[in-house]
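Peer 1: Below you will find the structure I want to go over with you.
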Amino acid sequence: MERWILFLTLILPILVWFVVRPLWIGFRRNRIARQPFPQNWQHILERDWPIYQRLPKELKHKLHQAVLVFLAEKKFEGKKGLEITDEIKVLTAAQACLLICNRKSRYYPKLQTVLMYPSTFFSKQTRSQEGASHESYVYRHGESWVNGPLVLSWDASRKGAANPNDGHNVVMHEFAHQLDQEDHRSDGVPNYQFQGNYSAWAPVMGRAYQNLVQAKKKRQKTVLDKYGATHPAEFFAVATESFFEKPLQLWKHQPELYKLLAGFFAMDPKGWGEKPGSE
Ligand SMILES: [Zn+2]
């Protein structure tokens, strides 16, 4: 009798949490991913996101499946009166899912809600200096919190998708932060245990980050946006934007970094037919 009580109170919850729950989630996701991808969603992507047109057919299929699961699991909330439409949900989800659809997907496990503002929003910043904390407000296009929601400006998200060659994509930037923050830290080292060459991460990213810091000081022209020189976490987010939007340039100028990211995302965007004029 005592053994049964021990089983019911201790072992059963552990079994449910670590065995039954993941199996159930996997089963549910497979069922959702097999549903047909709505045609109007495909039209939205074809119309508003030129990168989508470049994707190999097999990758498009994986992306569709990931978008279906993402939208079944994440909530969107419009701020300042913004009405959440299919366009907002699908365009955001597709750009977010491109980062994970060829990986052993975890669907941004800490993220539950995407808050969407119509345009740039104010964000409260708290900084500690000499024992005192200072609060200030800054304009933002996007924000990703370690244990909170992901916040985006719809205006910036739409424009980021519409120009596929400028290396500026706020949705990819913020979702790269989410990947980084999966291990509860925002340090430019994402959870790499599921895929990729972890031992190469620190030396390659460290060198590339320092090169960008130096280039910024010397005011040199760089493929990566110099905002990436402000912090290693920003460097990873900025490098992700360029990896998907300026793959040929990144590959030519920083092959080591390109190769590392290609391993991490398990993709090779330089082969997707970036417009020659965009180099
Ligand atoms: Zn950032």
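Each chain of the structure tokens is named A, B, ... in the order shown, its residues numbered from 1; ligands are numbered from 1 in display order.
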Could you produce a table of the residues of chain A lying within 9 Å of ligand 1, with the nearest pair of atoms per residue and their separation in Å rounded to one decimal, using only C-alpha atoms and all ligand atoms, ordered by chain and increasing residue number, as a tab-separated table?
Peer 2:
```
residue	atom	partner	partner_atom_place_in_ligand_line	distance
A:Gly142	CA	ligand 1	1 (Zn)	7.7
A:Glu143	CA	ligand 1	1 (Zn)	6.9
A:Ser144	CA	ligand 1	1 (Zn)	7.7
A:Val170	CA	ligand 1	1 (Zn)	8.5
A:His173	CA	ligand 1	1 (Zn)	6.2
A:Glu174	CA	ligand 1	1 (Zn)	6.2
A:Ala176	CA	ligand 1	1 (Zn)	8.5
A:His177	CA	ligand 1	1 (Zn)	6.7
A:Tyr227	CA	ligand 1	1 (Zn)	8.4
A:Gly228	CA	ligand 1	1 (Zn)	8.2
A:His231	CA	ligand 1	1 (Zn)	8.9
A:Ala233	CA	ligand 1	1 (Zn)	7.1
A:Glu234	CA	ligand 1	1 (Zn)	4.8
A:Phe235	CA	ligand 1	1 (Zn)	8.2
A:Phe236	CA	ligand 1	1 (Zn)	8.7
A:Ala237	CA	ligand 1	1 (Zn)	6.1
A:Val238	CA	ligand 1	1 (Zn)	7.5
```
Peer 1: What lies within 7 Å of region 181-187 of chain A using only C-alpha atoms, ignoring chain neighbours under 5 positions off, as a ChimeraX atom specification?
Peer 2: /A:110,146,232-233
Peer 1: For the residues in the current selection, export N, CA and C atoms as a compact mmCIF listing (two decimals), in the first residue's frame.
Peer 2:
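Saved result, again.txt, follows:
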```txt
# COMPACT_ATOMS: atom_id res chain seq x y z
N LYS A 110 9.97 29.24 -24.21
CA LYS A 110 9.65 30.19 -23.13
C LYS A 110 8.67 31.27 -23.58
N VAL A 146 13.74 37.74 -21.36
CA VAL A 146 14.15 36.38 -20.99
C VAL A 146 12.95 35.56 -20.50
N PRO A 232 27.66 41.03 -27.05
CA PRO A 232 27.65 39.73 -27.74
C PRO A 232 26.23 39.23 -28.09
N ALA A 233 25.25 39.54 -27.23
CA ALA A 233 23.88 39.10 -27.53
C ALA A 233 23.35 39.82 -28.77
```
Peer 1: Rounded to one decimal in Å, what is the spacing between CA of Phe121 (chain A) and CA of Pro50 (chain A)?
Peer 2: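 CA of Pro50 (chain A) lies at a distance of 26.2 Å from CA of Phe121 (chain A).
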Peer 1: Which of these, A:Arg29, A:Val171, A:Tyr137, A:Tyr107, has the shortest distance to Ile88 (chain A) once you count only C-alpha atoms?
Peer 2: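 Nearest candidate to Ile88 (chain A) out of A:Arg29, A:Val171, A:Tyr137, A:Tyr107: A:Val171.
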Peer 1: Taking the chain letters and numbering used in this document, name the residues of region 24-89 of chain A that DSSP puts in alpha helix (DSSP H), as a ChimeraX atom specification.
Peer 2: /A:24-33,39-48,50-54,57-73,86-89
Peer 1: I need the residues from that last selection saved to file as a tab-separated table (two decimals), in the first residue's frame (with N, CA and C atoms), if you can.
Peer 2:
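The result, written out as out-v3.tsv:
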```tsv
chain	number	residue	atom	x	y	z
A	24	TRP	N	2.90	13.57	-25.61
A	24	TRP	CA	1.62	14.17	-25.98
A	24	TRP	C	1.84	15.43	-26.84
A	25	ILE	N	2.83	16.26	-26.43
A	25	ILE	CA	3.13	17.49	-27.19
A	25	ILE	C	3.57	17.10	-28.61
A	26	GLY	N	4.46	16.11	-28.70
A	26	GLY	CA	4.94	15.66	-30.02
A	26	GLY	C	3.80	15.15	-30.88
A	27	PHE	N	2.90	14.38	-30.28
A	27	PHE	CA	1.76	13.83	-31.00
A	27	PHE	C	0.86	14.96	-31.51
A	28	ARG	N	0.58	15.92	-30.61
A	28	ARG	CA	-0.29	17.04	-30.98
A	28	ARG	C	0.33	17.89	-32.09
A	29	ARG	N	1.66	18.13	-31.97
A	29	ARG	CA	2.33	18.93	-33.00
A	29	ARG	C	2.33	18.23	-34.36
A	30	ASN	N	2.54	16.94	-34.35
A	30	ASN	CA	2.51	16.19	-35.62
A	30	ASN	C	1.14	16.29	-36.28
A	31	ARG	N	0.12	16.23	-35.45
A	31	ARG	CA	-1.25	16.30	-35.97
A	31	ARG	C	-1.50	17.70	-36.57
A	32	ILE	N	-1.06	18.74	-35.87
A	32	ILE	CA	-1.26	20.11	-36.37
A	32	ILE	C	-0.45	20.33	-37.64
A	33	ALA	N	0.81	19.84	-37.64
A	33	ALA	CA	1.70	20.07	-38.78
A	33	ALA	C	1.19	19.39	-40.05
A	39	GLN	N	-4.43	28.58	-48.13
A	39	GLN	CA	-3.94	29.24	-49.35
A	39	GLN	C	-3.75	30.75	-49.16
A	40	ASN	N	-4.66	31.37	-48.38
A	40	ASN	CA	-4.51	32.82	-48.18
A	40	ASN	C	-3.26	33.14	-47.36
A	41	TRP	N	-2.82	32.22	-46.52
A	41	TRP	CA	-1.56	32.41	-45.78
A	41	TRP	C	-0.39	32.37	-46.76
A	42	GLN	N	-0.47	31.43	-47.69
A	42	GLN	CA	0.61	31.32	-48.69
A	42	GLN	C	0.66	32.59	-49.55
A	43	HIS	N	-0.50	33.12	-49.90
A	43	HIS	CA	-0.54	34.36	-50.69
A	43	HIS	C	0.10	35.51	-49.92
A	44	ILE	N	-0.17	35.57	-48.62
A	44	ILE	CA	0.41	36.63	-47.78
A	44	ILE	C	1.94	36.55	-47.85
A	45	LEU	N	2.48	35.35	-47.70
A	45	LEU	CA	3.94	35.19	-47.70
A	45	LEU	C	4.52	35.51	-49.07
A	46	GLU	N	3.83	35.08	-50.13
A	46	GLU	CA	4.33	35.36	-51.49
A	46	GLU	C	4.33	36.87	-51.77
A	47	ARG	N	3.34	37.53	-51.25
A	47	ARG	CA	3.18	38.97	-51.52
A	47	ARG	C	4.10	39.83	-50.65
A	48	ASP	N	4.25	39.46	-49.37
A	48	ASP	CA	4.90	40.38	-48.42
A	48	ASP	C	6.32	40.03	-48.01
A	50	PRO	N	9.72	38.59	-49.76
A	50	PRO	CA	10.46	38.06	-50.92
A	50	PRO	C	11.35	36.86	-50.62
A	51	ILE	N	11.88	36.76	-49.39
A	51	ILE	CA	12.73	35.60	-49.07
A	51	ILE	C	11.95	34.29	-49.26
A	52	TYR	N	10.67	34.34	-48.97
A	52	TYR	CA	9.84	33.13	-49.08
A	52	TYR	C	9.89	32.55	-50.49
A	53	GLN	N	9.89	33.45	-51.48
A	53	GLN	CA	9.93	33.01	-52.89
A	53	GLN	C	11.20	32.24	-53.20
A	54	ARG	N	12.28	32.56	-52.47
A	54	ARG	CA	13.58	31.94	-52.77
A	54	ARG	C	13.73	30.56	-52.16
A	57	LYS	N	11.75	24.11	-52.25
A	57	LYS	CA	10.40	23.58	-52.02
A	57	LYS	C	10.30	22.78	-50.71
A	58	GLU	N	11.30	21.97	-50.46
A	58	GLU	CA	11.25	21.12	-49.26
A	58	GLU	C	11.28	21.96	-47.97
A	59	LEU	N	12.06	23.04	-48.03
A	59	LEU	CA	12.16	23.92	-46.87
A	59	LEU	C	10.85	24.68	-46.66
A	60	LYS	N	10.21	25.07	-47.78
A	60	LYS	CA	8.91	25.75	-47.69
A	60	LYS	C	7.92	24.85	-46.96
A	61	HIS	N	7.94	23.58	-47.29
A	61	HIS	CA	7.02	22.63	-46.67
A	61	HIS	C	7.27	22.55	-45.16
A	62	LYS	N	8.55	22.48	-44.79
A	62	LYS	CA	8.88	22.43	-43.36
A	62	LYS	C	8.46	23.72	-42.66
A	63	LEU	N	8.66	24.85	-43.37
A	63	LEU	CA	8.28	26.14	-42.80
A	63	LEU	C	6.77	26.20	-42.57
A	64	HIS	N	6.00	25.72	-43.55
A	64	HIS	CA	4.53	25.70	-43.40
A	64	HIS	C	4.13	24.92	-42.15
A	65	GLN	N	4.76	23.77	-41.98
A	65	GLN	CA	4.42	22.93	-40.82
A	65	GLN	C	4.75	23.65	-39.50
A	66	ALA	N	5.93	24.30	-39.49
A	66	ALA	CA	6.34	25.00	-38.27
A	66	ALA	C	5.40	26.18	-37.97
A	67	VAL	N	4.97	26.87	-39.02
A	67	VAL	CA	4.06	28.02	-38.84
A	67	VAL	C	2.72	27.55	-38.25
A	68	LEU	N	2.23	26.43	-38.75
A	68	LEU	CA	0.95	25.90	-38.23
A	68	LEU	C	1.06	25.61	-36.73
A	69	VAL	N	2.18	25.00	-36.33
A	69	VAL	CA	2.36	24.67	-34.91
A	69	VAL	C	2.55	25.95	-34.09
A	70	PHE	N	3.40	26.84	-34.60
A	70	PHE	CA	3.68	28.09	-33.89
A	70	PHE	C	2.37	28.85	-33.62
A	71	LEU	N	1.54	28.97	-34.66
A	71	LEU	CA	0.31	29.75	-34.49
A	71	LEU	C	-0.73	29.03	-33.62
A	72	ALA	N	-0.60	27.72	-33.53
A	72	ALA	CA	-1.52	26.99	-32.63
A	72	ALA	C	-1.09	27.15	-31.17
A	73	GLU	N	0.18	27.49	-30.96
A	73	GLU	CA	0.69	27.51	-29.58
A	73	GLU	C	0.92	28.91	-29.01
A	86	ASP	N	-4.60	38.04	-39.97
A	86	ASP	CA	-3.84	36.89	-40.49
A	86	ASP	C	-2.48	37.36	-41.01
A	87	GLU	N	-2.46	38.52	-41.64
A	87	GLU	CA	-1.22	39.04	-42.20
A	87	GLU	C	-0.16	39.20	-41.10
A	88	ILE	N	-0.57	39.80	-39.98
A	88	ILE	CA	0.35	40.01	-38.87
A	88	ILE	C	0.85	38.67	-38.32
A	89	LYS	N	-0.09	37.76	-38.10
A	89	LYS	CA	0.29	36.48	-37.48
A	89	LYS	C	1.17	35.65	-38.41
```
Peer 1: List the spatial neighbours of region 198-211 of chain A as JSON, numbers by chain - criterion: any atom at most 12 Å away, only C-alpha atoms, same-chain residues fewer than 5 positions off excluded.
Peer 2: {"A": [187, 188, 189, 190, 191, 192, 193, 216, 217, 218, 219, 220, 221, 222, 223, 224, 225, 226, 227, 228, 229, 230, 231, 232, 233, 234, 235, 236, 237, 238, 239, 240, 250, 253, 254, 255, 256, 257, 258, 259, 260, 261, 262, 263, 264]}
Peer 1: If we count only C-alpha atoms and set the cut-off at 10 Å, which residues sit around Lys246 (chain A), ignoring sequence neighbours fewer than 2 positions away in its own chain? Please answer as a list in words.
Peer 2: Pro164, Asn165, Asp166, Gly167, His168, Val223, Leu224, Ala239, Thr240, Glu241, Ser242, Phe243, Phe244, Leu248, Gln249, Leu250, Trp251, Pro269, Lys270, Glu274, Lys275, Ser278 and Glu279 of chain A
Peer 1: Go through A:Pro56, A:Pro118, A:Gly271, A:Pro36 one by one, measure the shortest atom-to-atom distance of each to Pro247 (chain A) using only C-alpha atoms, and give the residue with the smallest value.
Peer 2: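 The closest residue to Pro247 (chain A) is A:Gly271.
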